[in-house]
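Enquirer: Next comes protein_31.pdb, PDB, N, CA, C and O atoms:
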ATOM      1  N   MET A 283      28.681  31.620 -64.915
ATOM      2  CA  MET A 283      27.450  30.859 -64.783
ATOM      3  C   MET A 283      26.847  31.154 -63.418
ATOM      4  O   MET A 283      27.519  31.104 -62.403
ATOM      5  N   ARG A 284      25.568  31.454 -63.400
ATOM      6  CA  ARG A 284      24.875  31.784 -62.156
ATOM      7  C   ARG A 284      24.043  30.617 -61.681
ATOM      8  O   ARG A 284      23.311  30.015 -62.445
ATOM      9  N   LEU A 285      24.128  30.288 -60.395
ATOM     10  CA  LEU A 285      23.321  29.217 -59.817
ATOM     11  C   LEU A 285      22.130  29.806 -59.080
ATOM     12  O   LEU A 285      22.245  30.864 -58.474
ATOM     13  N   SER A 286      21.020  29.120 -59.124
ATOM     14  CA  SER A 286      19.867  29.582 -58.362
ATOM     15  C   SER A 286      20.150  29.400 -56.872
ATOM     16  O   SER A 286      20.994  28.601 -56.464
ATOM     17  N   LYS A 287      19.445  30.134 -56.031
ATOM     18  CA  LYS A 287      19.638  30.046 -54.583
ATOM     19  C   LYS A 287      19.324  28.647 -54.073
ATOM     20  O   LYS A 287      20.024  28.124 -53.220
ATOM     21  N   TRP A 288      18.266  28.043 -54.598
ATOM     22  CA  TRP A 288      17.869  26.706 -54.135
ATOM     23  C   TRP A 288      18.907  25.656 -54.506
ATOM     24  O   TRP A 288      19.240  24.779 -53.726
ATOM     25  N   PHE A 289      19.434  25.771 -55.707
ATOM     26  CA  PHE A 289      20.436  24.808 -56.148
ATOM     27  C   PHE A 289      21.720  24.957 -55.335
ATOM     28  O   PHE A 289      22.329  23.969 -54.932
ATOM     29  N   ALA A 290      22.123  26.174 -55.076
ATOM     30  CA  ALA A 290      23.326  26.412 -54.275
ATOM     31  C   ALA A 290      23.138  25.877 -52.856
ATOM     32  O   ALA A 290      24.045  25.279 -52.275
ATOM     33  N   ALA A 291      21.953  26.069 -52.281
ATOM     34  CA  ALA A 291      21.677  25.553 -50.936
ATOM     35  C   ALA A 291      21.697  24.025 -50.925
ATOM     36  O   ALA A 291      22.203  23.414 -49.987
ATOM     37  N   ALA A 292      21.178  23.401 -51.959
ATOM     38  CA  ALA A 292      21.175  21.942 -52.040
ATOM     39  C   ALA A 292      22.598  21.401 -52.132
ATOM     40  O   ALA A 292      22.930  20.396 -51.515
ATOM     41  N   LEU A 293      23.446  22.074 -52.876
ATOM     42  CA  LEU A 293      24.836  21.643 -52.989
ATOM     43  C   LEU A 293      25.561  21.719 -51.646
ATOM     44  O   LEU A 293      26.397  20.887 -51.326
ATOM     45  N   LEU A 294      25.226  22.718 -50.851
ATOM     46  CA  LEU A 294      25.849  22.852 -49.541
ATOM     47  C   LEU A 294      25.385  21.767 -48.577
ATOM     48  O   LEU A 294      26.130  21.332 -47.713
ATOM     49  N   CYS A 295      24.138  21.308 -48.706
ATOM     50  CA  CYS A 295      23.573  20.316 -47.791
ATOM     51  C   CYS A 295      23.990  18.892 -48.107
ATOM     52  O   CYS A 295      24.061  18.062 -47.211
ATOM     53  N   VAL A 296      24.266  18.574 -49.343
ATOM     54  CA  VAL A 296      24.532  17.196 -49.741
ATOM     55  C   VAL A 296      25.697  16.574 -48.975
ATOM     56  O   VAL A 296      25.561  15.493 -48.427
ATOM     57  N   PRO A 297      26.870  17.210 -48.868
ATOM     58  CA  PRO A 297      27.960  16.561 -48.132
ATOM     59  C   PRO A 297      27.624  16.308 -46.668
ATOM     60  O   PRO A 297      27.998  15.293 -46.117
ATOM     61  N   PHE A 298      26.884  17.199 -46.033
ATOM     62  CA  PHE A 298      26.507  17.022 -44.631
ATOM     63  C   PHE A 298      25.643  15.783 -44.454
ATOM     64  O   PHE A 298      25.913  14.950 -43.604
ATOM     65  N   PHE A 299      24.617  15.634 -45.255
ATOM     66  CA  PHE A 299      23.700  14.507 -45.113
ATOM     67  C   PHE A 299      24.363  13.182 -45.464
ATOM     68  O   PHE A 299      24.123  12.188 -44.817
ATOM     69  N   THR A 300      25.183  13.154 -46.486
ATOM     70  CA  THR A 300      25.778  11.881 -46.887
ATOM     71  C   THR A 300      26.851  11.417 -45.915
ATOM     72  O   THR A 300      27.042  10.227 -45.740
ATOM     73  N   THR A 301      27.550  12.331 -45.247
ATOM     74  CA  THR A 301      28.626  11.897 -44.368
ATOM     75  C   THR A 301      28.175  11.663 -42.940
ATOM     76  O   THR A 301      28.671  10.773 -42.284
ATOM     77  N   THR A 302      27.220  12.428 -42.440
ATOM     78  CA  THR A 302      26.864  12.294 -41.034
ATOM     79  C   THR A 302      25.561  11.550 -40.806
ATOM     80  O   THR A 302      25.506  10.664 -39.973
ATOM     81  N   ALA A 303      24.544  11.878 -41.531
ATOM     82  CA  ALA A 303      23.217  11.352 -41.212
ATOM     83  C   ALA A 303      22.986   9.932 -41.717
ATOM     84  O   ALA A 303      22.383   9.131 -41.026
ATOM     85  N   PHE A 304      23.435   9.605 -42.899
ATOM     86  CA  PHE A 304      23.055   8.334 -43.500
ATOM     87  C   PHE A 304      24.212   7.350 -43.673
ATOM     88  O   PHE A 304      24.007   6.261 -44.173
ATOM     89  N   ALA A 305      25.394   7.708 -43.258
ATOM     90  CA  ALA A 305      26.555   6.868 -43.522
ATOM     91  C   ALA A 305      26.511   5.545 -42.770
ATOM     92  O   ALA A 305      27.002   4.539 -43.267
ATOM     93  N   ASP A 306      25.933   5.508 -41.581
ATOM     94  CA  ASP A 306      25.991   4.311 -40.744
ATOM     95  C   ASP A 306      24.697   3.514 -40.721
ATOM     96  O   ASP A 306      24.484   2.730 -39.794
ATOM     97  N   TYR A 307      23.839   3.698 -41.695
ATOM     98  CA  TYR A 307      22.550   3.010 -41.706
ATOM     99  C   TYR A 307      22.353   2.280 -43.022
ATOM    100  O   TYR A 307      22.932   2.651 -44.035
ATOM    101  N   PRO A 308      21.502   1.230 -43.034
ATOM    102  CA  PRO A 308      21.259   0.491 -44.290
ATOM    103  C   PRO A 308      20.626   1.388 -45.352
ATOM    104  O   PRO A 308      19.763   2.214 -45.041
ATOM    105  N   SER A 309      21.048   1.231 -46.578
ATOM    106  CA  SER A 309      20.503   2.043 -47.664
ATOM    107  C   SER A 309      19.465   1.257 -48.453
ATOM    108  O   SER A 309      19.414   0.025 -48.387
ATOM    109  N   ARG A 310      18.670   1.970 -49.196
ATOM    110  CA  ARG A 310      17.610   1.369 -49.998
ATOM    111  C   ARG A 310      18.194   0.338 -50.963
ATOM    112  O   ARG A 310      19.220   0.584 -51.601
ATOM    113  N   GLY A 311      17.537  -0.824 -51.038
ATOM    114  CA  GLY A 311      17.971  -1.865 -51.954
ATOM    115  C   GLY A 311      18.842  -2.938 -51.315
ATOM    116  O   GLY A 311      19.096  -3.964 -51.927
ATOM    117  N   THR A 312      19.288  -2.703 -50.078
ATOM    118  CA  THR A 312      20.100  -3.700 -49.379
ATOM    119  C   THR A 312      19.223  -4.892 -48.996
ATOM    120  O   THR A 312      18.060  -4.729 -48.667
ATOM    121  N   LYS A 313      19.773  -6.076 -49.021
ATOM    122  CA  LYS A 313      19.023  -7.297 -48.693
ATOM    123  C   LYS A 313      19.022  -7.549 -47.187
ATOM    124  O   LYS A 313      19.913  -7.105 -46.459
ATOM    125  N   MET A 314      18.002  -8.288 -46.710
ATOM    126  CA  MET A 314      17.876  -8.617 -45.283
ATOM    127  C   MET A 314      19.118  -9.302 -44.743
ATOM    128  O   MET A 314      19.556  -8.999 -43.638
ATOM    129  N   THR A 315      19.658 -10.220 -45.515
ATOM    130  CA  THR A 315      20.829 -10.969 -45.041
ATOM    131  C   THR A 315      22.023 -10.042 -44.812
ATOM    132  O   THR A 315      22.760 -10.217 -43.842
ATOM    133  N   SER A 316      22.194  -9.047 -45.673
ATOM    134  CA  SER A 316      23.295  -8.091 -45.505
ATOM    135  C   SER A 316      23.086  -7.218 -44.280
ATOM    136  O   SER A 316      24.030  -6.922 -43.553
ATOM    137  N   VAL A 317      21.842  -6.795 -44.047
ATOM    138  CA  VAL A 317      21.540  -5.972 -42.874
ATOM    139  C   VAL A 317      21.797  -6.767 -41.596
ATOM    140  O   VAL A 317      22.433  -6.277 -40.659
ATOM    141  N   LYS A 318      21.343  -8.019 -41.569
ATOM    142  CA  LYS A 318      21.546  -8.855 -40.383
ATOM    143  C   LYS A 318      23.033  -9.132 -40.155
ATOM    144  O   LYS A 318      23.501  -9.140 -39.025
ATOM    145  N   ALA A 319      23.793  -9.331 -41.227
ATOM    146  CA  ALA A 319      25.230  -9.586 -41.096
ATOM    147  C   ALA A 319      25.965  -8.360 -40.560
ATOM    148  O   ALA A 319      26.890  -8.487 -39.757
ATOM    149  N   GLN A 320      25.548  -7.164 -40.984
ATOM    150  CA  GLN A 320      26.251  -5.949 -40.578
ATOM    151  C   GLN A 320      25.802  -5.431 -39.214
ATOM    152  O   GLN A 320      26.626  -4.979 -38.426
ATOM    153  N   TYR A 321      24.502  -5.500 -38.901
ATOM    154  CA  TYR A 321      23.968  -4.896 -37.681
ATOM    155  C   TYR A 321      23.537  -5.910 -36.630
ATOM    156  O   TYR A 321      23.158  -5.535 -35.532
ATOM    157  N   GLY A 322      23.552  -7.187 -36.964
ATOM    158  CA  GLY A 322      23.180  -8.217 -36.006
ATOM    159  C   GLY A 322      21.674  -8.423 -35.937
ATOM    160  O   GLY A 322      20.903  -7.930 -36.759
ATOM    161  N   GLN A 323      21.269  -9.167 -34.907
ATOM    162  CA  GLN A 323      19.857  -9.488 -34.702
ATOM    163  C   GLN A 323      19.101  -8.234 -34.247
ATOM    164  O   GLN A 323      19.565  -7.518 -33.368
ATOM    165  N   PRO A 324      17.927  -7.925 -34.822
ATOM    166  CA  PRO A 324      17.151  -6.762 -34.383
ATOM    167  C   PRO A 324      16.558  -6.979 -32.991
ATOM    168  O   PRO A 324      16.359  -8.115 -32.565
ATOM    169  N   GLN A 325      16.275  -5.863 -32.290
ATOM    170  CA  GLN A 325      15.656  -5.946 -30.963
ATOM    171  C   GLN A 325      14.231  -6.456 -31.056
ATOM    172  O   GLN A 325      13.763  -7.178 -30.188
ATOM    173  N   SER A 326      13.518  -6.037 -32.107
ATOM    174  CA  SER A 326      12.152  -6.510 -32.320
ATOM    175  C   SER A 326      11.855  -6.539 -33.814
ATOM    176  O   SER A 326      12.475  -5.833 -34.593
ATOM    177  N   VAL A 327      10.898  -7.388 -34.177
ATOM    178  CA  VAL A 327      10.486  -7.542 -35.573
ATOM    179  C   VAL A 327       8.970  -7.433 -35.641
ATOM    180  O   VAL A 327       8.264  -8.075 -34.866
ATOM    181  N   ARG A 328       8.471  -6.592 -36.559
ATOM    182  CA  ARG A 328       7.036  -6.487 -36.811
ATOM    183  C   ARG A 328       6.780  -6.863 -38.262
ATOM    184  O   ARG A 328       7.477  -6.400 -39.147
ATOM    185  N   VAL A 329       5.762  -7.682 -38.478
ATOM    186  CA  VAL A 329       5.398  -8.112 -39.829
ATOM    187  C   VAL A 329       3.971  -7.672 -40.091
ATOM    188  O   VAL A 329       3.097  -7.831 -39.230
ATOM    189  N   SER A 330       3.722  -7.116 -41.283
ATOM    190  CA  SER A 330       2.370  -6.686 -41.619
ATOM    191  C   SER A 330       1.433  -7.876 -41.656
ATOM    192  O   SER A 330       1.833  -8.993 -41.971
ATOM    193  N   LYS A 331       0.184  -7.609 -41.333
ATOM    194  CA  LYS A 331      -0.822  -8.670 -41.319
ATOM    195  C   LYS A 331      -1.782  -8.456 -42.467
ATOM    196  O   LYS A 331      -1.826  -7.397 -43.068
ATOM    197  N   GLY A 332      -2.550  -9.452 -42.738
ATOM    198  CA  GLY A 332      -3.532  -9.336 -43.809
ATOM    199  C   GLY A 332      -3.120 -10.136 -45.026
ATOM    200  O   GLY A 332      -2.094 -10.815 -45.049
ATOM    201  N   LYS A 333      -3.930 -10.009 -46.042
ATOM    202  CA  LYS A 333      -3.734 -10.771 -47.264
ATOM    203  C   LYS A 333      -2.555 -10.207 -48.054
ATOM    204  O   LYS A 333      -2.422  -9.002 -48.217
ATOM    205  N   VAL A 334      -1.701 -11.086 -48.529
ATOM    206  CA  VAL A 334      -0.548 -10.684 -49.321
ATOM    207  C   VAL A 334      -0.847 -10.962 -50.785
ATOM    208  O   VAL A 334      -1.227 -12.067 -51.154
ATOM    209  N   LYS A 335      -0.701  -9.930 -51.601
ATOM    210  CA  LYS A 335      -0.868 -10.056 -53.040
ATOM    211  C   LYS A 335       0.383  -9.515 -53.720
ATOM    212  O   LYS A 335       1.212  -8.874 -53.072
ATOM    213  N   LYS A 336       0.488  -9.751 -55.006
ATOM    214  CA  LYS A 336       1.643  -9.235 -55.737
ATOM    215  C   LYS A 336       1.706  -7.714 -55.666
ATOM    216  O   LYS A 336       2.772  -7.139 -55.510
ATOM    217  N   GLN A 337       0.537  -7.057 -55.709
ATOM    218  CA  GLN A 337       0.503  -5.597 -55.647
ATOM    219  C   GLN A 337       0.754  -5.081 -54.232
ATOM    220  O   GLN A 337       1.154  -3.950 -54.051
ATOM    221  N   TRP A 338       0.468  -5.889 -53.223
ATOM    222  CA  TRP A 338       0.600  -5.486 -51.816
ATOM    223  C   TRP A 338       1.474  -6.491 -51.072
ATOM    224  O   TRP A 338       0.986  -7.348 -50.339
ATOM    225  N   PRO A 339       2.778  -6.408 -51.241
ATOM    226  CA  PRO A 339       3.657  -7.376 -50.589
ATOM    227  C   PRO A 339       3.727  -7.140 -49.080
ATOM    228  O   PRO A 339       3.373  -6.073 -48.582
ATOM    229  N   ARG A 340       4.209  -8.135 -48.381
ATOM    230  CA  ARG A 340       4.355  -8.048 -46.933
ATOM    231  C   ARG A 340       5.472  -7.060 -46.584
ATOM    232  O   ARG A 340       6.536  -7.077 -47.184
ATOM    233  N   ILE A 341       5.201  -6.200 -45.600
ATOM    234  CA  ILE A 341       6.173  -5.230 -45.107
ATOM    235  C   ILE A 341       6.658  -5.705 -43.742
ATOM    236  O   ILE A 341       5.859  -6.065 -42.879
ATOM    237  N   THR A 342       7.959  -5.709 -43.548
ATOM    238  CA  THR A 342       8.562  -6.121 -42.293
ATOM    239  C   THR A 342       9.371  -4.956 -41.737
ATOM    240  O   THR A 342      10.043  -4.252 -42.491
ATOM    241  N   VAL A 343       9.291  -4.744 -40.420
ATOM    242  CA  VAL A 343      10.047  -3.673 -39.767
ATOM    243  C   VAL A 343      10.959  -4.292 -38.727
ATOM    244  O   VAL A 343      10.500  -5.030 -37.851
ATOM    245  N   TRP A 344      12.256  -3.999 -38.819
ATOM    246  CA  TRP A 344      13.231  -4.426 -37.823
ATOM    247  C   TRP A 344      13.623  -3.214 -37.003
ATOM    248  O   TRP A 344      14.057  -2.196 -37.557
ATOM    249  N   ASN A 345      13.491  -3.310 -35.694
ATOM    250  CA  ASN A 345      13.841  -2.207 -34.807
ATOM    251  C   ASN A 345      15.189  -2.500 -34.159
ATOM    252  O   ASN A 345      15.361  -3.530 -33.513
ATOM    253  N   TYR A 346      16.131  -1.574 -34.315
ATOM    254  CA  TYR A 346      17.466  -1.706 -33.725
ATOM    255  C   TYR A 346      17.693  -0.724 -32.580
ATOM    256  O   TYR A 346      18.828  -0.479 -32.206
ATOM    257  N   GLY A 347      16.646  -0.141 -32.031
ATOM    258  CA  GLY A 347      16.789   0.798 -30.924
ATOM    259  C   GLY A 347      16.952   2.229 -31.407
ATOM    260  O   GLY A 347      16.073   3.050 -31.236
ATOM    261  N   THR A 348      18.075   2.549 -32.043
ATOM    262  CA  THR A 348      18.307   3.915 -32.523
ATOM    263  C   THR A 348      17.745   4.150 -33.920
ATOM    264  O   THR A 348      17.621   5.290 -34.348
ATOM    265  N   PHE A 349      17.429   3.047 -34.628
ATOM    266  CA  PHE A 349      16.839   3.185 -35.958
ATOM    267  C   PHE A 349      15.998   1.957 -36.274
ATOM    268  O   PHE A 349      16.146   0.906 -35.649
ATOM    269  N   SER A 350      15.083   2.107 -37.241
ATOM    270  CA  SER A 350      14.245   1.010 -37.721
ATOM    271  C   SER A 350      14.452   0.861 -39.221
ATOM    272  O   SER A 350      14.653   1.851 -39.932
ATOM    273  N   VAL A 351      14.388  -0.372 -39.695
ATOM    274  CA  VAL A 351      14.565  -0.656 -41.114
ATOM    275  C   VAL A 351      13.283  -1.281 -41.645
ATOM    276  O   VAL A 351      12.786  -2.251 -41.084
ATOM    277  N   TYR A 352      12.728  -0.703 -42.706
ATOM    278  CA  TYR A 352      11.499  -1.196 -43.339
ATOM    279  C   TYR A 352      11.868  -1.984 -44.586
ATOM    280  O   TYR A 352      12.599  -1.488 -45.442
ATOM    281  N   PHE A 353      11.345  -3.207 -44.666
ATOM    282  CA  PHE A 353      11.614  -4.094 -45.795
ATOM    283  C   PHE A 353      10.336  -4.372 -46.574
ATOM    284  O   PHE A 353       9.274  -4.518 -45.982
ATOM    285  N   GLU A 354      10.451  -4.464 -47.892
ATOM    286  CA  GLU A 354       9.400  -5.017 -48.751
ATOM    287  C   GLU A 354       9.950  -6.336 -49.241
ATOM    288  O   GLU A 354      10.998  -6.379 -49.898
ATOM    289  N   ARG A 355       9.273  -7.413 -48.876
ATOM    290  CA  ARG A 355       9.782  -8.768 -49.077
ATOM    291  C   ARG A 355      11.116  -8.890 -48.353
ATOM    292  O   ARG A 355      11.143  -8.954 -47.142
ATOM    293  N   ASN A 356      12.252  -8.905 -49.043
ATOM    294  CA  ASN A 356      13.546  -8.998 -48.353
ATOM    295  C   ASN A 356      14.503  -7.873 -48.744
ATOM    296  O   ASN A 356      15.708  -7.998 -48.620
ATOM    297  N   THR A 357      13.936  -6.743 -49.207
ATOM    298  CA  THR A 357      14.734  -5.615 -49.664
ATOM    299  C   THR A 357      14.409  -4.361 -48.845
ATOM    300  O   THR A 357      13.240  -4.071 -48.595
ATOM    301  N   VAL A 358      15.430  -3.602 -48.458
ATOM    302  CA  VAL A 358      15.239  -2.379 -47.673
ATOM    303  C   VAL A 358      14.493  -1.328 -48.492
ATOM    304  O   VAL A 358      14.873  -1.015 -49.612
ATOM    305  N   LEU A 359      13.417  -0.802 -47.906
ATOM    306  CA  LEU A 359      12.693   0.331 -48.490
ATOM    307  C   LEU A 359      13.173   1.635 -47.876
ATOM    308  O   LEU A 359      13.525   2.574 -48.578
ATOM    309  N   HIS A 360      13.144   1.699 -46.544
ATOM    310  CA  HIS A 360      13.503   2.920 -45.802
ATOM    311  C   HIS A 360      14.211   2.570 -44.522
ATOM    312  O   HIS A 360      13.982   1.501 -43.940
ATOM    313  N   THR A 361      15.004   3.501 -44.050
ATOM    314  CA  THR A 361      15.588   3.423 -42.727
ATOM    315  C   THR A 361      15.173   4.692 -41.990
ATOM    316  O   THR A 361      15.344   5.797 -42.522
ATOM    317  N   VAL A 362      14.606   4.531 -40.815
ATOM    318  CA  VAL A 362      14.138   5.671 -40.019
ATOM    319  C   VAL A 362      14.995   5.768 -38.764
ATOM    320  O   VAL A 362      15.100   4.811 -38.004
ATOM    321  N   VAL A 363      15.614   6.933 -38.561
ATOM    322  CA  VAL A 363      16.459   7.176 -37.398
ATOM    323  C   VAL A 363      15.601   7.771 -36.306
ATOM    324  O   VAL A 363      14.891   8.755 -36.525
ATOM    325  N   HIS A 364      15.654   7.185 -35.093
ATOM    326  CA  HIS A 364      14.890   7.678 -33.952
ATOM    327  C   HIS A 364      15.734   8.695 -33.205
ATOM    328  O   HIS A 364      16.895   8.436 -32.903
ATOM    329  N   ARG A 365      15.146   9.824 -32.884
ATOM    330  CA  ARG A 365      15.883  10.864 -32.143
ATOM    331  C   ARG A 365      15.298  11.079 -30.791
ATOM    332  O   ARG A 365      14.251  10.854 -30.477
TER     333      ARG A 365
END
So, in terms of structure tokens, how does the structure I just supplied come out?

Expert:
Amino acid sequence: MRLSKWFAAALLCVPFFTTTAFADYPSRGTKMTSVKAQYGQPQSVRVSKGKVKKQWPRITVWNYGTFSVYFERNTVLHTVVHR
């Protein structure tokens, strides 16, 4: 069976990213309470302003210095690592 070059390259990258880059940060779908319990109080908190509707929920950003966590309502959307 022959693998395409792109697929083979992706297979080589997956273990690196899962073990080093994302292992110590909150993952998508984690709740605010779990993030606060594991990482403690954030250094700063930013909350989106404006009208909140069902289609446009409030976005909250918690900054922990080396990374930021973006929440929609009380669920993690993204984690951004600062370099």

Enquirer: Quick one, how far is atom N of A:Ser330 from atom N of A:Val343?

Expert: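 Interatomic distance, atom N of A:Ser330 to atom N of A:Val343: 6.1 Å.
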
Enquirer: Mind checking which residues fall within 7 Å of A:Arg355, counting only N, CA, C and O atoms, ignoring those fewer than 6 positions away in the same chain, and posting them as an MDAnalysis selection string?

Expert: chainID A and resid 314 339:342

Enquirer: I need the output of the PyMOL selection byres ((chain A and resi 309) around 7) for this file as a PyMOL selection string; which residues are they?

Expert: chain A and resi 304+307-308+310-313+357-361

Enquirer: When you draw a straight line from atom C of A:Phe353 to atom CA of A:Asp306, how long is it in Å?

Expert: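 Straight-line distance from atom C of A:Phe353 to atom CA of A:Asp306 works out to 18.8 Å.
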
Enquirer: Kindly provide, as AutoDock Vina command-line options, the centre and edge lengths (Å, one decimal) of an axis-aligned box around all atoms of stretch 329-347 of chain A given in the file, with 6 Å on each side.

Expert:
--center_x 7.4 --center_y -4.5 --center_z -43.3 --size_x 34.8 --size_y 27.1 --size_z 36.8

Enquirer: To one decimal place in Å, what is the distance between atom C of A:Val329 and atom CA of A:Glu354?

Expert: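 So the two atoms, atom C of A:Val329 and atom CA of A:Glu354, lie 10.6 Å apart.
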
Enquirer: Starting from the shown file, work through the PyMOL selection byres ((chain A and resi 362) around 4.5) and note down what comes out as a PyMOL selection string.

Expert: chain A and resi 348-350+360-361+363-364

Enquirer: Mind checking DSSP for stretch 302-356 of chain A and telling me the strand (DSSP E or B) residues as a ChimeraX atom specification?

Expert: /A:313,326-329,341-345,349-354

Enquirer: Rank nothing, just name the residue among A:Lys333, A:Lys318, A:Arg328, A:Arg365 nearest to A:Asn345, using only C-alpha atoms.

Expert: A:Arg328

Enquirer: For A:Tyr352, which residue out of A:Val327, A:Gln337, A:Ser316, A:Gly322 is the nearest one, using only C-alpha atoms?

Expert: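 For A:Tyr352, the nearest of the candidates is A:Val327.
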